[in-house]
Amino acid sequence: MENILTGIRSTGVPHLGNILSVIIPSINMVNKRKKGFFSFIFIADLHSIIQTENIQNIKNNVYNITATWLAFGLNTENSVIYRQSDVPEVTELAWYLSCFFPYQRLTLAHSFKKEKDKKKINVGLFTYPILMAADILLYNAKIIPVGKDQLQHIEIARRIAYFFNKRIGKKVFSLPNPYLQEKYMFITGTDGTKMSKSKNNYIDILSSNEILKKQIMKIQTDNKSLEEKKNPDKDYIMSLYKLISPKEKIEKMKEKYIKGGYGYLEAKIALYEQIICKFSEERNRFFSLIKNKSLLDEILFHGAKKAKNIAIKRINYIRKCLNFNSLLS
């Protein structure tokens, strides 16, 4: 049995990029090979408070993320979905791991380096990769579905596990491996850069029809007229359409681009209609689930209970490896 672990920060409803690159591949991996994998899905509410303005929205965001996973078919029989903060053993492990990783290496982390104004950096942001490593290593997860931008964090988790195992003299932690979906490594946002909430260039397929259409209409294009021929390989609308459409539809749209007489407005409408069509069942399930907070609470409660039972056994073993004698063991 190999453990898969995936976490999404509680900063709102997962956007199209999150869904295509992480959520759907994770669910497919577990559901299609039930005997080979067990999946841990956590809502990273502790990670989200590195931006303190998120605090007021954390509870609703946890519901949004939970409902999304369930709407896309997460099987809770061979996986657990839980709130990160409901398993405090992860923060204990994060402290242990932080003592086994060089400060200088942590200063090279992207999450730290990309913040130009160092005065705005809090300790939580600086140690973000350590907490992420604890999330992974607490459950000895071997397969971590991630986007390309998270590869460095997985490498940090591997290094910490290696340093810890070497210092203790036994294999306490398995080394995790990233799982990348090549097709979805870089999903273009409405401005042509990688889709991200922080850039406000995302498409929320679980929003209302009106909001969804407005977001799609924001996709940037060149200034070619309706009559002019267009390059389908250098167009942001087309790049998104190709990710969610069957081959025959993609070829037809390409032909229209190359032929001319086909405007970007029509292409955006086609993208909007394809999203509505492809994700109609998931959207309906999400809208139904998000109204049933008591059901979501129950699922998260049972998920946290299962995760915590595993975490307690693991943290007690790690304490013994560190020569700590716990009266609670």
# chains A, B, ... in the order shown; residues from 1 in each chain; ligands from 1

$ select_by_dssp --residues "stretch 34-184 of chain A" --states "strand (DSSP E or B)" --output "MDAnalysis selection string"
chainID A and resid 37:44 79:83 143:145 177:179

$ write_last_selection --atoms "N, CA, C and O atoms" --output "PDB file, in the first residue's frame"
ATOM      1  N   PHE A  37      -3.408   2.003  -3.468  1.00  0.00           N
ATOM      2  CA  PHE A  37      -3.165   3.321  -2.906  1.00  0.00           C
ATOM      3  C   PHE A  37      -4.145   3.654  -1.791  1.00  0.00           C
ATOM      4  O   PHE A  37      -5.288   3.199  -1.786  1.00  0.00           O
ATOM      5  N   PHE A  38      -3.664   4.474  -0.852  1.00  0.00           N
ATOM      6  CA  PHE A  38      -4.546   5.086   0.137  1.00  0.00           C
ATOM      7  C   PHE A  38      -4.217   6.568   0.142  1.00  0.00           C
ATOM      8  O   PHE A  38      -3.051   6.953   0.128  1.00  0.00           O
ATOM      9  N   SER A  39      -5.247   7.395   0.159  1.00  0.00           N
ATOM     10  CA  SER A  39      -5.041   8.826  -0.052  1.00  0.00           C
ATOM     11  C   SER A  39      -5.384   9.662   1.166  1.00  0.00           C
ATOM     12  O   SER A  39      -6.409   9.449   1.808  1.00  0.00           O
ATOM     13  N   PHE A  40      -4.492  10.603   1.476  1.00  0.00           N
ATOM     14  CA  PHE A  40      -4.727  11.611   2.512  1.00  0.00           C
ATOM     15  C   PHE A  40      -4.949  12.947   1.802  1.00  0.00           C
ATOM     16  O   PHE A  40      -4.072  13.433   1.089  1.00  0.00           O
ATOM     17  N   ILE A  41      -6.121  13.530   2.013  1.00  0.00           N
ATOM     18  CA  ILE A  41      -6.450  14.833   1.434  1.00  0.00           C
ATOM     19  C   ILE A  41      -6.660  15.803   2.591  1.00  0.00           C
ATOM     20  O   ILE A  41      -7.534  15.591   3.431  1.00  0.00           O
ATOM     21  N   PHE A  42      -5.859  16.857   2.658  1.00  0.00           N
ATOM     22  CA  PHE A  42      -6.056  17.792   3.763  1.00  0.00           C
ATOM     23  C   PHE A  42      -6.260  19.213   3.257  1.00  0.00           C
ATOM     24  O   PHE A  42      -5.732  19.604   2.227  1.00  0.00           O
ATOM     25  N   ILE A  43      -7.081  19.952   4.003  1.00  0.00           N
ATOM     26  CA  ILE A  43      -7.305  21.360   3.707  1.00  0.00           C
ATOM     27  C   ILE A  43      -6.328  22.146   4.576  1.00  0.00           C
ATOM     28  O   ILE A  43      -6.407  22.111   5.807  1.00  0.00           O
ATOM     29  N   ALA A  44      -5.390  22.818   3.927  1.00  0.00           N
ATOM     30  CA  ALA A  44      -4.254  23.420   4.629  1.00  0.00           C
ATOM     31  C   ALA A  44      -4.610  24.775   5.237  1.00  0.00           C
ATOM     32  O   ALA A  44      -4.155  25.821   4.781  1.00  0.00           O
ATOM     33  N   SER A  79      -9.848   6.765   1.277  1.00  0.00           N
ATOM     34  CA  SER A  79      -9.128   8.017   1.471  1.00  0.00           C
ATOM     35  C   SER A  79      -9.689   8.720   2.699  1.00  0.00           C
ATOM     36  O   SER A  79     -10.781   8.395   3.173  1.00  0.00           O
ATOM     37  N   VAL A  80      -8.929   9.664   3.214  1.00  0.00           N
ATOM     38  CA  VAL A  80      -9.429  10.496   4.309  1.00  0.00           C
ATOM     39  C   VAL A  80      -9.271  11.953   3.902  1.00  0.00           C
ATOM     40  O   VAL A  80      -8.252  12.345   3.331  1.00  0.00           O
ATOM     41  N   ILE A  81     -10.274  12.722   4.176  1.00  0.00           N
ATOM     42  CA  ILE A  81     -10.208  14.156   3.931  1.00  0.00           C
ATOM     43  C   ILE A  81     -10.389  14.852   5.267  1.00  0.00           C
ATOM     44  O   ILE A  81     -11.313  14.539   6.024  1.00  0.00           O
ATOM     45  N   TYR A  82      -9.490  15.753   5.597  1.00  0.00           N
ATOM     46  CA  TYR A  82      -9.505  16.330   6.939  1.00  0.00           C
ATOM     47  C   TYR A  82      -8.937  17.749   6.915  1.00  0.00           C
ATOM     48  O   TYR A  82      -8.251  18.158   5.978  1.00  0.00           O
ATOM     49  N   ARG A  83      -9.243  18.471   7.968  1.00  0.00           N
ATOM     50  CA  ARG A  83      -8.725  19.817   8.174  1.00  0.00           C
ATOM     51  C   ARG A  83      -7.358  19.708   8.839  1.00  0.00           C
ATOM     52  O   ARG A  83      -7.198  19.023   9.845  1.00  0.00           O
ATOM     53  N   ILE A 143       3.732   9.370  -2.625  1.00  0.00           N
ATOM     54  CA  ILE A 143       3.322   9.995  -3.888  1.00  0.00           C
ATOM     55  C   ILE A 143       2.609  11.305  -3.585  1.00  0.00           C
ATOM     56  O   ILE A 143       1.600  11.322  -2.870  1.00  0.00           O
ATOM     57  N   ILE A 144       3.135  12.402  -4.119  1.00  0.00           N
ATOM     58  CA  ILE A 144       2.592  13.722  -3.841  1.00  0.00           C
ATOM     59  C   ILE A 144       2.205  14.403  -5.151  1.00  0.00           C
ATOM     60  O   ILE A 144       3.065  14.945  -5.862  1.00  0.00           O
ATOM     61  N   PRO A 145       0.917  14.381  -5.532  1.00  0.00           N
ATOM     62  CA  PRO A 145       0.495  15.106  -6.734  1.00  0.00           C
ATOM     63  C   PRO A 145       0.663  16.613  -6.531  1.00  0.00           C
ATOM     64  O   PRO A 145       0.102  17.182  -5.595  1.00  0.00           O
ATOM     65  N   ASN A 177       7.915  11.303  -3.378  1.00  0.00           N
ATOM     66  CA  ASN A 177       8.165  11.593  -4.787  1.00  0.00           C
ATOM     67  C   ASN A 177       7.023  12.430  -5.357  1.00  0.00           C
ATOM     68  O   ASN A 177       5.857  12.138  -5.098  1.00  0.00           O
ATOM     69  N   PRO A 178       7.349  13.451  -6.151  1.00  0.00           N
ATOM     70  CA  PRO A 178       6.286  14.256  -6.772  1.00  0.00           C
ATOM     71  C   PRO A 178       5.609  13.477  -7.886  1.00  0.00           C
ATOM     72  O   PRO A 178       6.252  12.662  -8.561  1.00  0.00           O
ATOM     73  N   TYR A 179       4.328  13.739  -8.074  1.00  0.00           N
ATOM     74  CA  TYR A 179       3.580  13.151  -9.180  1.00  0.00           C
ATOM     75  C   TYR A 179       3.060  14.300 -10.029  1.00  0.00           C
ATOM     76  O   TYR A 179       2.209  15.068  -9.592  1.00  0.00           O
TER      77      TYR A 179
END

$ residues_around --residues "stretch 86-96 of chain A" --least-positions-apart "6" --cutoff "6 Å" --atoms "only C-alpha atoms" --output "NGL selection string"
:A and (130-131 or 134 or 308)

$ write_last_selection --atoms "N, CA, C and O atoms" --output "mmCIF file, in the first residue's frame"
data_model
loop_
_atom_site.group_PDB
_atom_site.id
_atom_site.type_symbol
_atom_site.label_atom_id
_atom_site.label_comp_id
_atom_site.auth_asym_id
_atom_site.auth_seq_id
_atom_site.Cartn_x
_atom_site.Cartn_y
_atom_site.Cartn_z
ATOM 1 N N ILE A 130 8.827 23.715 5.839
ATOM 2 C CA ILE A 130 8.997 22.744 6.932
ATOM 3 C C ILE A 130 7.655 22.146 7.330
ATOM 4 O O ILE A 130 7.530 20.924 7.530
ATOM 5 N N LEU A 131 6.632 22.987 7.430
ATOM 6 C CA LEU A 131 5.291 22.486 7.761
ATOM 7 C C LEU A 131 4.781 21.583 6.646
ATOM 8 O O LEU A 131 4.139 20.555 6.908
ATOM 9 N N ALA A 134 6.319 18.289 7.062
ATOM 10 C CA ALA A 134 5.687 17.566 8.165
ATOM 11 C C ALA A 134 4.361 16.944 7.730
ATOM 12 O O ALA A 134 4.032 15.808 8.113
ATOM 13 N N LYS A 308 -5.941 11.361 12.643
ATOM 14 C CA LYS A 308 -5.319 11.569 13.949
ATOM 15 C C LYS A 308 -4.867 10.245 14.577
ATOM 16 O O LYS A 308 -3.818 10.187 15.216
#

$ closest_residue --among "A:Asn64, A:Gln274, A:Asn165, A:Asn140" --to "A:Phe100" --atoms "only C-alpha atoms"
A:Asn165

$ atom_distance --atom1 "atom CA of A:Ile55" --atom2 "atom CA of A:Gly189"
25.8 Å
